[in-house]
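Text of query_38.cif, listed as mmCIF, C-alpha atoms:
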data_my_file
#
loop_
_atom_site.label_atom_id
_atom_site.label_comp_id
_atom_site.auth_asym_id
_atom_site.auth_seq_id
_atom_site.Cartn_x
_atom_site.Cartn_y
_atom_site.Cartn_z
CA MET A 1 -56.70 164.21 4.83
CA SER A 2 -53.10 163.13 5.44
CA ARG A 3 -52.27 159.57 4.45
CA ILE A 4 -50.72 157.32 7.08
CA ALA A 5 -48.19 154.56 6.40
CA TYR A 6 -46.74 151.85 8.61
CA VAL A 7 -42.95 151.40 8.55
CA ASN A 8 -41.28 148.96 10.95
CA LYS A 9 -43.28 149.44 14.17
CA ALA A 10 -44.32 153.05 13.49
CA TYR A 11 -47.36 154.74 11.95
CA VAL A 12 -46.07 157.83 10.16
CA PRO A 13 -47.33 160.44 7.68
CA HIS A 14 -47.11 159.01 4.18
CA GLY A 15 -44.80 161.80 3.02
CA GLN A 16 -42.31 161.01 5.78
CA ALA A 17 -42.31 157.23 5.35
CA ALA A 18 -38.80 155.94 4.57
CA VAL A 19 -36.53 152.91 4.78
CA HIS A 20 -32.75 152.73 5.14
CA ILE A 21 -30.67 153.17 1.99
CA GLU A 22 -29.19 149.69 2.52
CA ASP A 23 -32.52 147.95 2.83
CA ARG A 24 -32.20 144.96 0.50
CA GLY A 25 -35.55 145.76 -1.05
CA TYR A 26 -34.01 148.99 -2.33
CA GLN A 27 -30.66 147.45 -3.26
CA PHE A 28 -31.76 144.14 -4.80
CA ALA A 29 -35.58 144.10 -4.97
CA ASP A 30 -35.12 141.40 -2.32
CA GLY A 31 -38.70 141.50 -1.13
CA VAL A 32 -42.28 140.41 -1.70
CA TYR A 33 -45.62 142.17 -1.54
CA GLU A 34 -49.39 141.79 -1.57
CA VAL A 35 -52.26 144.08 -2.59
CA VAL A 36 -55.61 143.48 -0.91
CA THR A 37 -58.89 145.02 -2.01
CA VAL A 38 -60.76 146.95 0.68
CA PHE A 39 -64.51 147.17 0.15
CA LYS A 40 -66.75 148.94 2.64
CA GLY A 41 -63.86 148.83 5.10
CA ALA A 42 -63.38 145.06 4.87
CA LEU A 43 -60.25 143.31 3.57
CA ILE A 44 -61.38 141.03 0.75
CA ASP A 45 -59.91 137.50 0.59
CA GLU A 46 -57.42 138.47 3.30
CA GLU A 47 -56.53 134.90 4.31
CA PRO A 48 -55.58 133.75 0.78
CA HIS A 49 -53.39 136.85 0.43
CA LEU A 50 -51.62 136.05 3.70
CA ASP A 51 -51.24 132.42 2.62
CA ARG A 52 -49.61 133.57 -0.61
CA LEU A 53 -47.36 135.96 1.32
CA ASP A 54 -46.28 133.02 3.47
CA ARG A 55 -45.48 130.99 0.36
CA SER A 56 -43.49 133.83 -1.21
CA LEU A 57 -41.48 134.30 2.00
CA ASN A 58 -40.77 130.59 2.23
CA GLU A 59 -39.64 130.39 -1.39
CA LEU A 60 -37.14 133.20 -0.73
CA GLU A 61 -36.12 131.86 2.69
CA MET A 62 -37.25 135.13 4.27
CA ALA A 63 -38.64 135.54 7.77
CA TRP A 64 -42.01 137.05 8.63
CA PRO A 65 -41.42 140.59 9.99
CA VAL A 66 -44.16 140.11 12.58
CA ALA A 67 -46.52 137.30 13.49
CA ARG A 68 -49.40 136.71 11.09
CA SER A 69 -51.89 137.77 13.75
CA ALA A 70 -49.94 140.99 14.35
CA LEU A 71 -49.87 141.76 10.63
CA LYS A 72 -53.64 141.47 10.51
CA VAL A 73 -53.89 144.04 13.31
CA ILE A 74 -51.49 146.37 11.46
CA LEU A 75 -53.46 146.11 8.22
CA ARG A 76 -56.65 147.07 10.03
CA GLN A 77 -54.95 149.96 11.76
CA VAL A 78 -53.72 151.31 8.43
CA VAL A 79 -57.23 150.97 7.00
CA ARG A 80 -58.71 152.71 10.04
CA GLN A 81 -56.15 155.52 10.27
CA ASN A 82 -56.59 156.28 6.58
CA HIS A 83 -60.40 156.19 6.87
CA LEU A 84 -60.32 153.77 3.96
CA ILE A 85 -63.73 152.63 2.75
CA ASN A 86 -63.03 151.50 -0.82
CA GLY A 87 -59.53 151.01 -2.17
CA VAL A 88 -56.50 148.81 -1.64
CA VAL A 89 -53.99 148.16 1.10
CA TYR A 90 -50.41 147.39 0.01
CA PHE A 91 -47.92 145.57 2.21
CA GLN A 92 -44.32 144.76 1.44
CA VAL A 93 -41.75 142.63 3.24
CA THR A 94 -38.05 142.86 2.46
CA ARG A 95 -35.16 140.85 3.86
CA GLY A 96 -34.05 143.88 5.85
CA VAL A 97 -31.08 146.23 6.21
CA ALA A 98 -27.55 144.92 5.75
CA SER A 99 -24.23 145.84 4.17
CA ARG A 100 -24.52 145.33 0.41
CA GLN A 101 -23.62 141.76 -0.55
CA PHE A 102 -25.25 139.26 -2.87
CA GLU A 103 -25.56 136.34 -0.45
CA TYR A 104 -28.28 136.41 2.17
CA PRO A 105 -27.02 138.10 5.36
CA LYS A 106 -27.57 136.32 8.65
CA ASP A 107 -29.42 137.52 11.73
CA ILE A 108 -31.16 140.57 10.28
CA LYS A 109 -34.81 141.44 10.78
CA SER A 110 -37.21 141.65 7.87
CA SER A 111 -38.68 145.07 7.10
CA LEU A 112 -42.41 145.74 6.79
CA VAL A 113 -44.13 148.63 5.01
CA VAL A 114 -47.90 149.04 4.71
CA THR A 115 -49.76 151.76 2.78
CA ALA A 116 -53.35 152.40 1.75
CA LYS A 117 -54.91 153.98 -1.32
CA HIS A 118 -58.43 155.34 -1.75
CA MET A 119 -60.22 154.30 -4.95
CA ARG A 120 -63.66 155.89 -4.99
CA GLU A 121 -64.45 154.36 -8.36
CA LEU A 122 -63.26 150.92 -7.29
CA VAL A 123 -66.66 149.29 -7.49
CA HIS A 124 -69.26 150.05 -10.13
CA GLY A 125 -71.08 148.04 -12.77
CA PRO A 126 -69.26 145.90 -15.33
CA ASP A 127 -66.91 147.84 -17.59
CA LYS A 128 -68.72 147.91 -20.95
CA ASN A 129 -65.89 149.18 -23.15
CA GLY A 130 -62.87 147.34 -21.78
CA ILE A 131 -59.20 147.75 -22.63
CA SER A 132 -56.78 147.04 -25.45
CA VAL A 133 -53.70 144.84 -25.09
CA VAL A 134 -50.66 144.36 -27.29
CA THR A 135 -48.76 141.07 -27.31
CA LEU A 136 -45.09 141.44 -26.36
CA PRO A 137 -42.27 139.07 -25.33
CA ASP A 138 -42.17 138.05 -21.68
CA LEU A 139 -38.89 139.49 -20.38
CA ARG A 140 -39.26 138.33 -16.78
CA TRP A 141 -37.30 135.80 -14.72
CA GLN A 142 -38.24 132.14 -14.27
CA ARG A 143 -40.00 132.43 -10.89
CA CYS A 144 -43.01 134.59 -11.70
CA ASP A 145 -45.03 132.50 -9.23
CA ILE A 146 -43.35 134.45 -6.41
CA LYS A 147 -44.88 137.88 -5.88
CA THR A 148 -41.63 139.79 -5.64
CA THR A 149 -41.01 143.52 -5.83
CA GLY A 150 -38.73 142.95 -8.84
CA LEU A 151 -41.16 144.39 -11.39
CA LEU A 152 -38.84 146.21 -13.79
CA ALA A 153 -39.54 143.90 -16.74
CA SER A 154 -43.28 144.39 -16.24
CA CYS A 155 -42.78 148.16 -16.04
CA MET A 156 -40.80 148.15 -19.27
CA THR A 157 -43.47 146.08 -21.00
CA LYS A 158 -46.31 148.28 -19.73
CA GLN A 159 -44.42 151.39 -20.89
CA ARG A 160 -43.94 149.93 -24.37
CA ALA A 161 -47.65 149.08 -24.53
CA LYS A 162 -48.64 152.62 -23.52
CA GLU A 163 -46.25 154.17 -26.05
CA SER A 164 -47.84 151.95 -28.74
CA GLY A 165 -51.32 153.22 -27.89
CA PHE A 166 -52.53 150.23 -25.85
CA ASN A 167 -53.75 150.03 -22.27
CA ASP A 168 -51.64 147.01 -21.34
CA ALA A 169 -49.74 144.03 -22.73
CA TRP A 170 -50.20 140.28 -22.73
CA MET A 171 -46.77 138.71 -22.44
CA ILE A 172 -45.68 135.82 -24.65
CA ASP A 173 -43.27 133.09 -23.52
CA ARG A 174 -40.59 131.47 -25.67
CA ASP A 175 -43.00 128.75 -26.79
CA GLY A 176 -45.44 131.32 -28.15
CA PHE A 177 -48.05 131.11 -25.39
CA ILE A 178 -49.57 133.97 -23.38
CA THR A 179 -48.43 133.99 -19.76
CA GLU A 180 -50.33 136.95 -18.26
CA GLY A 181 -50.66 140.74 -18.29
CA THR A 182 -48.16 143.07 -16.70
CA SER A 183 -50.07 142.99 -13.39
CA ASN A 184 -53.03 140.70 -14.05
CA ASN A 185 -54.10 137.26 -15.22
CA ALA A 186 -55.37 136.67 -18.76
CA TRP A 187 -58.62 134.90 -19.75
CA ILE A 188 -60.45 134.06 -22.96
CA VAL A 189 -63.88 132.65 -23.76
CA THR A 190 -64.18 130.43 -26.83
CA HIS A 191 -67.14 130.24 -29.19
CA ASP A 192 -67.96 126.92 -27.49
CA ASP A 193 -68.46 128.75 -24.17
CA GLU A 194 -65.22 127.43 -22.69
CA LEU A 195 -63.62 129.69 -20.07
CA ILE A 196 -59.86 129.36 -20.48
CA THR A 197 -57.02 130.70 -18.34
CA ARG A 198 -53.45 129.48 -18.18
CA ASP A 199 -52.67 126.68 -15.75
CA ILE A 200 -50.49 127.54 -12.78
CA SER A 201 -46.73 127.12 -13.01
CA ASN A 202 -43.58 129.13 -12.33
CA ALA A 203 -44.39 131.16 -15.46
CA LEU A 204 -47.15 133.24 -13.87
CA LEU A 205 -48.66 134.39 -10.60
CA ASN A 206 -51.61 132.52 -9.14
CA GLY A 207 -53.78 135.58 -8.62
CA ILE A 208 -56.12 135.67 -5.63
CA THR A 209 -58.79 137.28 -7.81
CA ARG A 210 -58.07 134.56 -10.39
CA ARG A 211 -58.87 131.92 -7.78
CA ARG A 212 -62.05 133.71 -6.75
CA ILE A 213 -63.24 133.99 -10.36
CA LEU A 214 -62.68 130.26 -10.85
CA LYS A 215 -64.95 129.61 -7.85
CA ILE A 216 -67.59 131.99 -9.19
CA ALA A 217 -67.37 130.41 -12.65
CA GLU A 218 -67.79 126.97 -11.12
CA SER A 219 -70.87 128.14 -9.18
CA GLN A 220 -72.30 129.46 -12.46
CA GLY A 221 -71.82 126.06 -14.09
CA LEU A 222 -69.27 127.26 -16.64
CA ASN A 223 -66.95 124.95 -18.55
CA ILE A 224 -63.54 125.86 -17.12
CA ILE A 225 -60.27 124.81 -18.75
CA GLU A 226 -56.87 125.72 -17.29
CA ARG A 227 -54.31 125.56 -20.10
CA ALA A 228 -51.99 127.73 -22.13
CA PHE A 229 -53.31 129.54 -25.21
CA THR A 230 -51.67 131.44 -28.05
CA PRO A 231 -52.23 135.02 -29.24
CA GLN A 232 -53.80 133.58 -32.39
CA GLU A 233 -56.34 131.65 -30.34
CA ALA A 234 -57.04 134.70 -28.19
CA LYS A 235 -57.76 136.82 -31.27
CA LYS A 236 -60.29 134.24 -32.45
CA ALA A 237 -61.98 134.10 -29.04
CA ARG A 238 -65.53 135.28 -28.45
CA GLU A 239 -64.48 137.24 -25.37
CA ALA A 240 -61.41 138.04 -23.29
CA PHE A 241 -60.71 139.74 -19.99
CA ILE A 242 -58.12 140.35 -17.29
CA SER A 243 -58.39 139.90 -13.54
CA SER A 244 -56.61 141.52 -10.61
CA ALA A 245 -57.27 142.86 -7.11
CA SER A 246 -58.13 146.31 -8.45
CA SER A 247 -59.70 145.52 -11.83
CA PHE A 248 -61.73 142.42 -10.84
CA VAL A 249 -63.12 141.34 -14.25
CA LYS A 250 -62.13 143.87 -16.91
CA PRO A 251 -62.93 143.01 -20.54
CA VAL A 252 -60.25 142.98 -23.22
CA THR A 253 -61.91 144.18 -26.42
CA LYS A 254 -58.83 144.56 -28.63
CA ILE A 255 -55.72 142.39 -28.98
CA ASP A 256 -53.05 143.89 -31.22
CA ASP A 257 -55.03 145.03 -34.27
CA CYS A 258 -57.91 142.58 -33.71
CA VAL A 259 -61.21 143.76 -32.21
CA LEU A 260 -63.08 141.04 -30.34
CA GLY A 261 -66.82 140.67 -30.88
CA ASN A 262 -68.54 144.03 -31.09
CA GLY A 263 -65.79 145.78 -29.14
CA GLN A 264 -67.66 145.66 -25.84
CA ILE A 265 -67.93 143.33 -22.86
CA GLY A 266 -69.26 139.87 -23.66
CA SER A 267 -72.13 138.13 -21.89
CA LEU A 268 -70.01 135.59 -20.01
CA SER A 269 -67.52 138.23 -18.87
CA GLU A 270 -70.41 140.40 -17.71
CA ALA A 271 -71.92 137.50 -15.76
CA LEU A 272 -68.58 136.87 -14.02
CA SER A 273 -68.19 140.57 -13.29
CA ASN A 274 -71.63 140.69 -11.71
CA GLY A 275 -70.83 137.53 -9.79
CA PHE A 276 -67.69 139.11 -8.39
CA LEU A 277 -69.56 142.26 -7.38
CA ASP A 278 -72.11 140.07 -5.62
CA PHE A 279 -69.27 138.35 -3.79
CA LEU A 280 -67.94 141.74 -2.64
CA GLU A 281 -71.33 142.85 -1.41
CA ASN A 282 -71.71 139.67 0.62
CA SER A 283 -68.16 139.53 2.03
#
Since I need it in another form, could you write the structure as structure tokens?
Amino acid sequence: MSRIAYVNKAYVPHGQAAVHIEDRGYQFADGVYEVVTVFKGALIDEEPHLDRLDRSLNELEMAWPVARSALKVILRQVVRQNHLINGVVYFQVTRGVASRQFEYPKDIKSSLVVTAKHMRELVHGPDKNGISVVTLPDLRWQRCDIKTTGLLASCMTKQRAKESGFNDAWMIDRDGFITEGTSNNAWIVTHDDELITRDISNALLNGITRRRILKIAESQGLNIIERAFTPQEAKKAREAFISSASSFVKPVTKIDDCVLGNGQIGSLSEALSNGFLDFLENS
């Protein structure tokens, strides 16, 4: 089945999708994006994703490429034309096409690209074995709260983690605290049953899945604390996990050379994972 993409008012075969060489997204990474989970054909937490897109565009003084209502129609068309049942839909807005200059050009139209990806194994039971992460310096800029397409530092960090034999990295700021993973938020569970994730600031992205997990944790009566934590504290934790639109709740069972617990998913992480799967089923 041929994949279909949306590029600036046209639905085209994925292999033929293209933007102009002077699109500022290509020249400067002058753009933002969102990734929305699709489960049983439905867009999960669509409104919070669109709210965050609106915030990112406002922070960069960038115009919406189409009206919000029109974007919702486009997203559904891409899902439908790709016969997407389970997977993700990706949409990206850039400032548009203009002669290469650093300052923002005037009177150009933002560009919009939308693609879809099938993920047949997207939803299954809680991951029992989890992943390993290595702690590495956070090389990114000072506005990580904006979901921009400028992901080179994260790519470099993920590559270093893979070359070191780890699945991912948890990035460390200059004060010695964990910010987040290369494309996910970081969580730990203490031996006192405290669920800890870093509080929101310009240092990290306020993940939509992160927000959903906080709601699920609250409904389960968990003791939630939003604050920074160090690698040393994480290695002493009872459990750890990451969250994102495609991983949901994925346990972290090894940090650097330290194995957490028995090397498998912990009970609280498993309860949150099951809670998230219940949320998907009822969305």
Please list as a ChimeraX atom specification every residue within 8 Å of Glu194 in chain A, counting all atoms listed in the file and excluding residues in the same chain fewer than 4 positions away.
/A:189-190,222-225
All file atoms of range 223-239 of chain A boxed axis-aligned, 3 Å per side, centre plus edges, as AutoDock Vina command-line options:
--center_x -59.3 --center_y 131.0 --center_z -24.8 --size_x 21.3 --size_y 18.4 --size_z 21.3
Test item: the PyMOL selection byres ((chain A and resi 8-22) around 7) resolved as a ChimeraX atom specification
/A:2-7,23-24,26-27,97-100,111-113
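Closest approach to Tyr104 in chain A among A:Met62, A:Gly125, A:Lys250, A:Leu136: A:Met62, based on only C-alpha atoms.
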Pick from A:Pro65, A:Pro137, A:Pro231, A:Pro105, whichever lies nearest to Thr182 in chain A using all atoms listed in the file
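Closest to Thr182 in chain A, using all atoms listed in the file: A:Pro137.
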Who sits within 9 Å of range 40-44 of chain A, all atoms listed in the file, same chain under 6 positions skipped, as a ChimeraX atom specification:
/A:75-76,79-80,83-89,280-281,283
Selected residue, from A:Asp199, A:Asp173, A:Glu218, A:Asp256, that lies nearest to Gln142 in chain A when counting only C-alpha atoms
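Nearest to Gln142 in chain A: A:Asp173.
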Nearby residues (only C-alpha atoms) at most 6 Å from range 203-214 of chain A, same-chain spacing under 5 positions excluded, as a list in words
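My list of contacting residues is Cys144, Asp145, Ser244 and Ala245 of chain A.
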Test item: residues at most 8 Å from Arg227 in chain A, all atoms listed in the file, excluding those fewer than 6 positions along its chain, as a list of chain:residue names:
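Result of the neighbour search: A:Ile196, A:Thr197, A:Arg198, A:Asp199.
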For C-alpha atoms, I'd like the residues from the last selection saved as an mmCIF file, in the coordinates of the input.
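Resulting contents of result_31.cif:
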data_model
loop_
_atom_site.group_PDB
_atom_site.id
_atom_site.type_symbol
_atom_site.label_atom_id
_atom_site.label_comp_id
_atom_site.auth_asym_id
_atom_site.auth_seq_id
_atom_site.Cartn_x
_atom_site.Cartn_y
_atom_site.Cartn_z
ATOM 1 C CA ILE A 196 -59.860 129.360 -20.480
ATOM 2 C CA THR A 197 -57.020 130.700 -18.340
ATOM 3 C CA ARG A 198 -53.450 129.480 -18.180
ATOM 4 C CA ASP A 199 -52.670 126.680 -15.750
#
